[in-house]
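Colleague: Enclosed is the structure file final17.txt (compact mmCIF, C-alpha atoms (C1' of nucleotides)).
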```txt
# COMPACT_ATOMS: atom_id res chain seq x y z
CA MET A 8 0.00 0.00 0.00
CA LYS A 9 1.30 3.41 -0.99
CA LEU A 10 0.24 6.30 1.25
CA ALA A 11 0.94 9.99 0.96
CA ALA A 12 0.26 13.23 2.79
CA TRP A 13 0.42 16.73 1.36
CA ASN A 14 -0.38 20.16 2.70
CA VAL A 15 -1.69 21.70 -0.52
CA ASN A 16 -2.15 25.24 0.86
CA SER A 17 -5.41 25.70 -1.12
CA LEU A 18 -6.82 22.76 -3.04
CA LYS A 19 -8.38 25.19 -5.50
CA VAL A 20 -4.98 26.48 -6.57
CA ARG A 21 -3.18 23.14 -6.32
CA LEU A 22 -5.80 20.89 -7.97
CA PRO A 23 -4.01 20.62 -11.35
CA GLN A 24 -0.76 19.74 -9.56
CA LEU A 25 -2.59 17.20 -7.41
CA LEU A 26 -4.17 15.50 -10.43
CA ASP A 27 -0.78 15.34 -12.19
CA TRP A 28 0.80 13.91 -9.08
CA LEU A 29 -1.91 11.25 -8.60
CA ALA A 30 -1.51 10.15 -12.24
CA ARG A 31 2.26 9.93 -11.85
CA GLU A 32 2.58 8.44 -8.36
CA GLN A 33 -0.57 6.33 -8.22
CA PRO A 34 -0.88 6.23 -4.42
CA ASP A 35 -3.58 4.06 -2.87
CA ALA A 36 -4.51 7.02 -0.71
CA ILE A 37 -3.43 10.58 -0.04
CA CYS A 38 -4.29 12.80 2.92
CA LEU A 39 -4.57 16.51 2.18
CA GLN A 40 -4.30 19.44 4.56
CA GLU A 41 -5.16 23.13 4.21
CA THR A 42 -7.72 22.56 1.47
CA LYS A 43 -9.26 25.93 2.46
CA LEU A 44 -12.56 24.94 0.83
CA GLU A 45 -16.07 24.66 2.17
CA ASP A 46 -17.49 21.20 1.49
CA HIS A 47 -19.83 22.37 -1.27
CA LYS A 48 -16.80 23.70 -3.16
CA PHE A 49 -14.79 20.46 -2.94
CA PRO A 50 -13.70 19.37 -6.46
CA LEU A 51 -15.31 15.94 -6.10
CA ARG A 52 -15.92 15.30 -9.79
CA GLU A 53 -12.41 16.19 -10.97
CA ILE A 54 -10.92 13.88 -8.35
CA GLU A 55 -13.37 11.07 -9.17
CA ASN A 56 -12.45 11.40 -12.84
CA ALA A 57 -8.85 10.80 -11.75
CA GLY A 58 -9.95 7.52 -10.14
CA TYR A 59 -10.12 8.59 -6.49
CA ARG A 60 -12.97 8.68 -3.98
CA SER A 61 -12.89 11.42 -1.36
CA VAL A 62 -14.05 12.21 2.12
CA PHE A 63 -13.46 15.72 3.38
CA CYS A 64 -14.14 18.24 6.06
CA GLY A 65 -13.46 21.85 5.23
CA GLN A 66 -14.13 25.48 5.95
CA LYS A 67 -13.63 28.83 4.29
CA THR A 68 -10.12 30.35 4.17
CA TYR A 69 -8.41 28.21 6.80
CA ASN A 70 -7.68 24.57 7.58
CA GLY A 71 -9.64 21.79 5.85
CA VAL A 72 -8.64 18.13 5.46
CA ALA A 73 -9.45 15.34 3.01
CA ILE A 74 -8.71 11.67 2.36
CA LEU A 75 -8.57 10.52 -1.26
CA ALA A 76 -8.37 6.80 -2.00
CA ARG A 77 -8.78 4.39 -4.89
CA GLU A 78 -11.38 2.48 -2.91
CA PRO A 79 -14.10 4.35 -1.06
CA PRO A 80 -13.01 5.39 2.45
CA GLU A 81 -15.32 3.85 5.07
CA THR A 82 -16.38 4.50 8.69
CA VAL A 83 -15.46 8.16 8.46
CA GLU A 84 -14.99 10.22 11.60
CA HIS A 85 -14.56 13.98 11.72
CA GLY A 86 -12.36 15.69 14.30
CA ILE A 87 -10.94 14.43 17.57
CA GLY A 88 -13.47 12.46 19.62
CA GLY A 89 -14.35 14.30 22.82
CA PHE A 90 -12.58 17.51 21.79
CA VAL A 91 -14.79 20.35 20.59
CA ASP A 92 -12.97 22.27 17.89
CA PRO A 93 -14.60 24.45 15.22
CA GLN A 94 -11.39 24.24 13.18
CA LYS A 95 -11.47 21.46 10.58
CA ARG A 96 -8.19 19.69 11.24
CA VAL A 97 -8.80 15.93 11.43
CA ILE A 98 -10.60 13.35 9.33
CA SER A 99 -10.25 9.57 9.70
CA ALA A 100 -11.41 6.63 7.61
CA MET A 101 -10.77 2.96 6.84
CA VAL A 102 -8.97 2.30 3.55
CA GLY A 103 -7.78 -1.18 2.61
CA GLY A 104 -7.98 -2.45 6.18
CA VAL A 105 -5.89 0.45 7.49
CA ARG A 106 -7.21 3.23 9.73
CA LEU A 107 -6.04 6.49 8.19
CA VAL A 108 -5.93 9.57 10.37
CA CYS A 109 -5.41 12.74 8.36
CA ALA A 110 -4.26 15.56 10.63
CA TYR A 111 -3.45 19.25 10.33
CA VAL A 112 -1.87 20.16 13.65
CA PRO A 113 -2.16 23.85 14.61
CA ASN A 114 0.82 26.04 13.77
CA GLY A 115 1.08 27.83 17.12
CA GLN A 116 2.45 31.10 15.71
CA SER A 117 4.84 31.83 18.60
CA LEU A 118 5.41 30.66 22.15
CA ASP A 119 3.72 33.71 23.68
CA SER A 120 0.62 33.36 21.49
CA ASP A 121 -2.82 32.05 22.46
CA LYS A 122 -2.43 29.89 19.38
CA TYR A 123 0.53 28.14 20.97
CA ARG A 124 -1.59 27.27 24.03
CA TYR A 125 -4.28 26.01 21.66
CA LYS A 126 -1.67 23.92 19.83
CA LEU A 127 -0.48 22.24 23.04
CA ASP A 128 -4.07 21.63 24.24
CA TRP A 129 -4.95 20.28 20.81
CA LEU A 130 -1.96 17.92 20.79
CA LYS A 131 -2.86 16.67 24.27
CA ALA A 132 -6.41 15.86 23.15
CA PHE A 133 -5.14 14.36 19.89
CA SER A 134 -2.71 12.11 21.72
CA ALA A 135 -5.30 10.89 24.23
CA TRP A 136 -7.77 10.20 21.43
CA LEU A 137 -5.14 8.40 19.31
CA GLU A 138 -4.28 6.18 22.23
CA GLY A 139 -7.92 5.03 22.24
CA GLU A 140 -7.94 4.65 18.47
CA SER A 141 -4.83 2.47 18.62
CA LYS A 142 -6.72 0.10 20.91
CA LYS A 143 -9.64 -0.03 18.48
CA PHE A 144 -7.56 -0.53 15.33
CA ASP A 145 -4.52 -2.76 14.82
CA ARG A 146 -3.26 -1.04 11.72
CA ILE A 147 -3.16 2.76 11.90
CA ALA A 148 -1.37 5.43 9.90
CA VAL A 149 -1.37 9.03 11.10
CA LEU A 150 -0.52 11.31 8.23
CA GLY A 151 -0.29 15.02 7.77
CA ASP A 152 1.19 18.34 8.70
CA PHE A 153 2.29 18.02 12.32
CA ASN A 154 3.86 21.49 12.46
CA ILE A 155 6.63 19.96 14.59
CA ALA A 156 10.23 19.37 13.60
CA PRO A 157 10.95 16.37 15.85
CA GLU A 158 14.74 16.70 16.04
CA ASP A 159 17.52 19.16 15.25
CA ARG A 160 18.38 17.24 12.09
CA ASP A 161 14.90 18.14 10.83
CA VAL A 162 15.82 21.85 10.92
CA TYR A 163 18.16 23.68 8.51
CA ASP A 164 19.51 25.92 11.27
CA PRO A 165 18.86 24.33 14.67
CA LYS A 166 20.63 27.13 16.52
CA ALA A 167 18.42 29.82 14.99
CA TRP A 168 15.30 27.75 15.64
CA GLU A 169 16.21 26.54 19.10
CA GLY A 170 13.20 26.90 21.37
CA GLN A 171 11.13 28.53 18.62
CA VAL A 172 7.65 27.44 17.62
CA LEU A 173 7.72 24.13 15.66
CA CYS A 174 10.90 23.17 17.55
CA SER A 175 10.11 23.95 21.20
CA PRO A 176 10.67 21.29 23.87
CA ALA A 177 6.93 21.10 24.64
CA GLU A 178 6.06 20.46 21.00
CA ARG A 179 8.82 17.89 20.60
CA ALA A 180 7.66 16.20 23.80
CA ALA A 181 4.14 16.06 22.36
CA PHE A 182 5.52 14.42 19.22
CA GLN A 183 7.44 11.89 21.32
CA GLY A 184 4.21 11.28 23.19
CA LEU A 185 2.64 10.09 19.94
CA ILE A 186 5.66 7.84 19.33
CA GLY A 187 5.18 6.52 22.87
CA ILE A 188 1.71 5.29 21.97
CA GLY A 189 3.46 2.86 19.64
CA PHE A 190 3.88 4.73 16.39
CA ARG A 191 7.03 4.98 14.32
CA ASP A 192 8.13 7.93 12.22
CA SER A 193 8.18 6.12 8.86
CA PHE A 194 10.77 8.50 7.41
CA ARG A 195 13.34 7.52 10.02
CA LEU A 196 12.94 3.80 9.42
CA PHE A 197 15.36 4.31 6.55
CA GLU A 198 18.63 6.03 5.80
CA GLN A 199 17.80 9.45 4.37
CA PRO A 200 19.70 12.27 2.72
CA GLU A 201 20.96 14.99 5.07
CA LYS A 202 18.88 18.15 5.12
CA SER A 203 15.67 16.33 4.25
CA PHE A 204 12.81 18.76 4.68
CA SER A 205 9.13 18.94 3.78
CA TRP A 206 8.47 22.68 4.11
CA TRP A 207 10.31 25.78 2.94
CA ASP A 208 9.25 29.39 3.44
CA TYR A 209 8.01 31.10 0.29
CA ARG A 210 10.21 34.05 1.15
CA MET A 211 13.94 34.65 0.86
CA ASN A 212 14.45 31.93 -1.75
CA ALA A 213 14.33 29.47 1.12
CA PHE A 214 13.88 26.39 -1.07
CA GLN A 215 16.83 27.15 -3.33
CA ARG A 216 18.92 27.84 -0.23
CA LYS A 217 17.80 24.55 1.38
CA MET A 218 16.35 26.45 4.33
CA GLY A 219 13.57 24.08 5.34
CA LEU A 220 12.00 22.07 8.12
CA ARG A 221 10.67 18.51 8.22
CA ILE A 222 7.24 19.00 9.75
CA ASP A 223 5.06 16.69 7.61
CA HIS A 224 5.06 13.10 8.79
CA ILE A 225 3.62 9.63 8.32
CA LEU A 226 3.42 7.74 11.61
CA LEU A 227 2.80 4.00 11.38
CA SER A 228 1.60 1.56 14.00
CA GLY A 229 3.88 -1.39 14.78
CA ASP A 230 2.69 -3.86 12.13
CA LEU A 231 2.73 -1.30 9.36
CA ALA A 232 6.16 -0.02 10.39
CA ARG A 233 7.53 -3.59 10.27
CA ASP A 234 6.19 -3.98 6.74
CA CYS A 235 7.28 -0.51 5.60
CA LYS A 236 9.50 -0.73 2.53
CA LEU A 237 10.12 2.91 1.73
CA SER A 238 9.52 6.43 2.94
CA ARG A 239 10.51 9.62 1.13
CA ILE A 240 9.66 13.26 0.50
CA ASP A 241 8.88 14.35 -3.05
CA ILE A 242 10.75 17.65 -3.00
CA ASP A 243 10.43 18.04 -6.78
CA MET A 244 6.88 19.28 -6.17
CA ARG A 245 8.40 22.37 -4.54
CA ARG A 246 9.97 23.22 -7.91
CA ASN A 247 6.57 23.53 -9.63
CA GLU A 248 5.13 26.80 -10.76
CA ARG A 249 2.91 28.14 -7.97
CA PRO A 250 4.06 25.39 -5.60
CA SER A 251 2.64 24.62 -2.21
CA ASP A 252 5.15 25.57 0.46
CA HIS A 253 4.97 21.88 1.55
CA ALA A 254 6.13 18.82 -0.40
CA PRO A 255 4.24 15.49 -0.37
CA VAL A 256 5.53 12.77 1.96
CA ILE A 257 5.21 9.11 1.01
CA ALA A 258 5.29 5.74 2.76
CA VAL A 259 4.96 2.29 1.18
CA PHE A 260 4.25 -0.95 3.05
C1' DA B 158 16.88 43.62 9.11
C1' DT B 159 10.67 40.96 12.62
C1' DG B 160 11.54 42.17 6.53
C1' DG B 161 11.14 38.77 2.69
C1' DC B 162 5.99 35.49 -0.04
C1' DT B 163 1.43 33.24 -0.96
C1' DA B 164 -3.57 32.57 -0.40
C1' DT B 165 -8.04 34.13 1.07
C1' DG B 166 -11.88 37.32 1.53
C1' DT B 167 -13.04 41.06 -0.45
C1' DA B 168 -12.28 45.46 -3.20
C1' DG B 169 -7.28 48.30 -0.40
C1' DC B 170 -5.68 45.80 3.08
C1' DA B 171 -6.00 42.44 7.04
C1' DT B 172 -5.02 37.78 8.66
C1' DA B 173 -2.60 33.48 8.71
C1' DG B 174 0.79 30.49 7.61
C1' DA B 175 5.61 28.30 9.73
```
Give the structure from this file in structure tokens form.
Modeller:
Amino acid sequence: MKLAAWNVNSLKVRLPQLLDWLAREQPDAICLQETKLEDHKFPLREIENAGYRSVFCGQKTYNGVAILAREPPETVEHGIGGFVDPQKRVISAMVGGVRLVCAYVPNGQSLDSDKYRYKLDWLKAFSAWLEGESKKFDRIAVLGDFNIAPEDRDVYDPKAWEGQVLCSPAERAAFQGLIGIGFRDSFRLFEQPEKSFSWWDYRMNAFQRKMGLRIDHILLSGDLARDCKLSRIDIDMRRNERPSDHAPVIAVF
DNA sequence: ATGGCTATGTAGCATAGA
């Protein structure tokens, strides 16, 4: 099974790139973040014509998540059970016997922001809920934009980013908390190039200067991690015209 | 150098992203 996750930063703008990518990469499923579309504006037909069924949960301007799969996603759940959140950041479904959790973790803005508090509260609720999910489902993949660079090697300039949002000890502890539930970071199951990142700022020519962070992840439960054959980041997508600031991440098992 | 760029909603800028 080939899984992917991609923060598209507007599905409306990125739809042609997505359709090209699906045709080329042929994943069994892809989880999208930051669709920024209300549900009635979701490009269902175009995606169906490309051979993918979709479930989605969106809102105007911000957030929005979707799961696209060759077979219809089943037993869909929206959001984090027991956590009231008007922001559309999580959608889950069964695809091919695997529980897919598509997540767009809050950014947090900065450590002194209310949004940072929200991020930590959100991650706490997410972790508690995932622990329950992992008891319900043997095979789980958690895919998406985590907005956390787990280690210094996931940051182009760890000194400059030390303690900053996306890299702070509390965020990294929250990420390790997810690992503690029994998930593996699929990317680190394999030897990877140095300076492997999944996001680069649009400004300052950050991509060309390799100034990025690895904040998009595919976490796999034990069985899936054991069977995982490959995990990579498709950085070529960042070279497109009008690229998303994030590149797709891929795991195959 | 707290700038730089992109997308959205909405009609000249404000907000958010990371």
Colleague: Need the shell around stretch 165-175 of chain B: protein/DNA/RNA residues with any atom at most 9 Å away, counting all atoms listed in the file. Skip same-chain ones fewer than 4 positions apart. Format as an MDAnalysis selection string?
Modeller: chainID A and resid 43 67:69 114:116 154 172:173 206:208
Colleague: Emit the selected residues as an mmCIF file, in the coordinates of the input, including C-alpha atoms.
Modeller:
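Writing done, so here's out16.cif:
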```
data_model
loop_
_atom_site.group_PDB
_atom_site.id
_atom_site.type_symbol
_atom_site.label_atom_id
_atom_site.label_comp_id
_atom_site.auth_asym_id
_atom_site.auth_seq_id
_atom_site.Cartn_x
_atom_site.Cartn_y
_atom_site.Cartn_z
ATOM 1 C CA LYS A 43 -9.260 25.930 2.460
ATOM 2 C CA LYS A 67 -13.630 28.830 4.290
ATOM 3 C CA THR A 68 -10.120 30.350 4.170
ATOM 4 C CA TYR A 69 -8.410 28.210 6.800
ATOM 5 C CA ASN A 114 0.820 26.040 13.770
ATOM 6 C CA GLY A 115 1.080 27.830 17.120
ATOM 7 C CA GLN A 116 2.450 31.100 15.710
ATOM 8 C CA ASN A 154 3.860 21.490 12.460
ATOM 9 C CA VAL A 172 7.650 27.440 17.620
ATOM 10 C CA LEU A 173 7.720 24.130 15.660
ATOM 11 C CA TRP A 206 8.470 22.680 4.110
ATOM 12 C CA TRP A 207 10.310 25.780 2.940
ATOM 13 C CA ASP A 208 9.250 29.390 3.440
#
```
Colleague: Each residue of chain A lying at most 6 Å from chain B should get a row with its shortest atom-to-atom pair and the distance in Å to one decimal, counting all atoms listed in the file; could you produce that, ordered by chain and increasing number, as a Markdown table?
Modeller:
```
| residue | atom | partner | partner_atom | distance |
| --- | --- | --- | --- | --- |
| A:Thr68 | CA | B:DT165 | C1' | 5.3 |
| A:Tyr209 | CA | B:DC162 | C1' | 4.8 |
| A:Arg210 | CA | B:DC162 | C1' | 4.6 |
| A:Met211 | CA | B:DG161 | C1' | 5.3 |
```
Colleague: Quick one, how far is atom CA of A:Glu81 from atom CA of A:Asn56?
Modeller: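 About the pair atom CA of A:Glu81 and atom CA of A:Asn56: they are 19.6 Å apart.
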Colleague: Between A:Leu22, A:Leu220, A:Cys235, A:Ile242, which has the minimum distance to A:Ala258 (counting only C-alpha atoms)?
Modeller: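 The closest residue to A:Ala258 is A:Cys235.
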Colleague: How many Å separate atom CA of A:Gln24 from atom CA of A:Glu248?
Modeller: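 Computing it gives 9.3 Å between the two atoms.
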Colleague: Between atom CA of A:Leu10 and atom CA of A:Pro80, what is the spacing in Å?
Modeller: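 According to the coordinates, atom CA of A:Pro80 and atom CA of A:Leu10 are separated by 13.3 Å.
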Colleague: Near A:Glu53, within 12 Å and counting all atoms listed in the file, which residues show up once chain neighbours fewer than 5 positions away are dropped, as a VMD selection string?
Modeller: chain A and resid 18 to 19 22 to 23 25 to 27 29 48 58 to 61 75
Colleague: Skip stretch 176-179 of chain A itself and residues of its chain fewer than 4 positions away, then list as number ranges by chain all residues within 12 Å of it, counting all atoms listed in the file.
Modeller: A: 112-115, 117-118, 123-131, 153-159, 161, 168-172, 183-186, 222
Colleague: Find the residues around A:Glu198 up to 12 Å (all atoms listed in the file counted), leave out those fewer than 3 positions away in its own chain, and share them as a compact mmCIF listing (two decimals) with C-alpha atoms, in the coordinates of the input.
Modeller:
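out.txt was written with the following content:
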```
# COMPACT_ATOMS: atom_id res chain seq x y z
CA SER A 193 8.18 6.12 8.86
CA PHE A 194 10.77 8.50 7.41
CA ARG A 195 13.34 7.52 10.02
CA GLU A 201 20.96 14.99 5.07
CA SER A 203 15.67 16.33 4.25
CA LYS A 236 9.50 -0.73 2.53
CA LEU A 237 10.12 2.91 1.73
CA SER A 238 9.52 6.43 2.94
CA ARG A 239 10.51 9.62 1.13
```
Colleague: So, with all atoms listed in the file as the atoms that count, which of A:Tyr111, A:Phe204, A:Phe182, A:Phe144 lies closest to A:Gly219?
Modeller: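 Ranking A:Tyr111, A:Phe204, A:Phe182, A:Phe144 by distance to A:Gly219, first place goes to A:Phe204.
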Colleague: Can you rebuild stretch 215-250 of chain A with N, CA and C atoms and give it as a CSV table (one decimal), in the coordinates of the input?
Modeller:
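File produced: part-v1.csv:
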```
chain,number,residue,atom,x,y,z
A,215,GLN,N,15.6,27.2,-2.6
A,215,GLN,CA,16.8,27.2,-3.3
A,215,GLN,C,18.0,27.1,-2.4
A,216,ARG,N,17.8,27.8,-1.2
A,216,ARG,CA,18.9,27.8,-0.2
A,216,ARG,C,18.8,26.7,0.8
A,217,LYS,N,18.0,25.7,0.5
A,217,LYS,CA,17.8,24.6,1.4
A,217,LYS,C,17.5,24.9,2.8
A,218,MET,N,16.7,26.0,3.0
A,218,MET,CA,16.4,26.4,4.3
A,218,MET,C,14.9,25.9,4.6
A,219,GLY,N,14.9,24.7,5.1
A,219,GLY,CA,13.6,24.1,5.3
A,219,GLY,C,13.5,23.4,6.7
A,220,LEU,N,12.3,22.9,6.9
A,220,LEU,CA,12.0,22.1,8.1
A,220,LEU,C,11.3,20.8,7.7
A,221,ARG,N,11.5,19.7,8.5
A,221,ARG,CA,10.7,18.5,8.2
A,221,ARG,C,9.6,18.5,9.3
A,222,ILE,N,8.4,18.9,8.8
A,222,ILE,CA,7.2,19.0,9.8
A,222,ILE,C,6.0,18.2,9.3
A,223,ASP,N,6.1,17.5,8.1
A,223,ASP,CA,5.1,16.7,7.6
A,223,ASP,C,5.5,15.2,7.8
A,224,HIS,N,4.6,14.4,8.4
A,224,HIS,CA,5.1,13.1,8.8
A,224,HIS,C,4.0,12.0,8.5
A,225,ILE,N,4.5,10.8,8.4
A,225,ILE,CA,3.6,9.6,8.3
A,225,ILE,C,4.0,8.7,9.5
A,226,LEU,N,3.2,8.6,10.5
A,226,LEU,CA,3.4,7.7,11.6
A,226,LEU,C,2.7,6.4,11.4
A,227,LEU,N,3.4,5.3,11.6
A,227,LEU,CA,2.8,4.0,11.4
A,227,LEU,C,2.8,3.2,12.7
A,228,SER,N,1.7,2.5,12.9
A,228,SER,CA,1.6,1.6,14.0
A,228,SER,C,2.6,0.4,13.8
A,229,GLY,N,2.8,-0.4,14.8
A,229,GLY,CA,3.9,-1.4,14.8
A,229,GLY,C,3.9,-2.3,13.6
A,230,ASP,N,2.8,-2.9,13.3
A,230,ASP,CA,2.7,-3.9,12.1
A,230,ASP,C,3.0,-3.2,10.8
A,231,LEU,N,2.5,-2.0,10.6
A,231,LEU,CA,2.7,-1.3,9.4
A,231,LEU,C,4.2,-0.9,9.3
A,232,ALA,N,4.8,-0.4,10.4
A,232,ALA,CA,6.2,0.0,10.4
A,232,ALA,C,7.1,-1.2,10.0
A,233,ARG,N,6.7,-2.4,10.6
A,233,ARG,CA,7.5,-3.6,10.3
A,233,ARG,C,7.5,-3.9,8.8
A,234,ASP,N,6.3,-3.7,8.2
A,234,ASP,CA,6.2,-4.0,6.7
A,234,ASP,C,6.6,-2.8,5.8
A,235,CYS,N,7.0,-1.7,6.4
A,235,CYS,CA,7.3,-0.5,5.6
A,235,CYS,C,8.5,-0.7,4.8
A,236,LYS,N,8.4,-0.5,3.5
A,236,LYS,CA,9.5,-0.7,2.5
A,236,LYS,C,10.2,0.5,2.1
A,237,LEU,N,9.6,1.7,2.3
A,237,LEU,CA,10.1,2.9,1.7
A,237,LEU,C,9.4,4.1,2.3
A,238,SER,N,10.1,5.2,2.6
A,238,SER,CA,9.5,6.4,2.9
A,238,SER,C,10.4,7.6,2.4
A,239,ARG,N,9.7,8.5,1.7
A,239,ARG,CA,10.5,9.6,1.1
A,239,ARG,C,9.7,10.9,1.0
A,240,ILE,N,10.3,12.0,0.7
A,240,ILE,CA,9.7,13.3,0.5
A,240,ILE,C,9.9,13.6,-1.0
A,241,ASP,N,8.8,14.0,-1.6
A,241,ASP,CA,8.9,14.4,-3.0
A,241,ASP,C,9.2,15.8,-3.2
A,242,ILE,N,10.4,16.2,-3.0
A,242,ILE,CA,10.8,17.6,-3.0
A,242,ILE,C,10.6,18.3,-4.4
A,243,ASP,N,10.6,17.5,-5.4
A,243,ASP,CA,10.4,18.0,-6.8
A,243,ASP,C,9.1,18.9,-6.9
A,244,MET,N,8.1,18.5,-6.1
A,244,MET,CA,6.9,19.3,-6.2
A,244,MET,C,7.1,20.7,-5.7
A,245,ARG,N,8.1,21.0,-5.0
A,245,ARG,CA,8.4,22.4,-4.5
A,245,ARG,C,9.0,23.2,-5.7
A,246,ARG,N,9.4,22.5,-6.8
A,246,ARG,CA,10.0,23.2,-7.9
A,246,ARG,C,8.9,23.6,-8.9
A,247,ASN,N,7.7,23.2,-8.7
A,247,ASN,CA,6.6,23.5,-9.6
A,247,ASN,C,6.4,25.0,-9.7
A,248,GLU,N,5.7,25.4,-10.8
A,248,GLU,CA,5.1,26.8,-10.8
A,248,GLU,C,4.0,26.9,-9.8
A,249,ARG,N,3.9,28.0,-9.1
A,249,ARG,CA,2.9,28.1,-8.0
A,249,ARG,C,2.9,26.9,-7.1
A,250,PRO,N,4.0,26.6,-6.5
A,250,PRO,CA,4.1,25.4,-5.6
A,250,PRO,C,3.4,25.6,-4.3
```
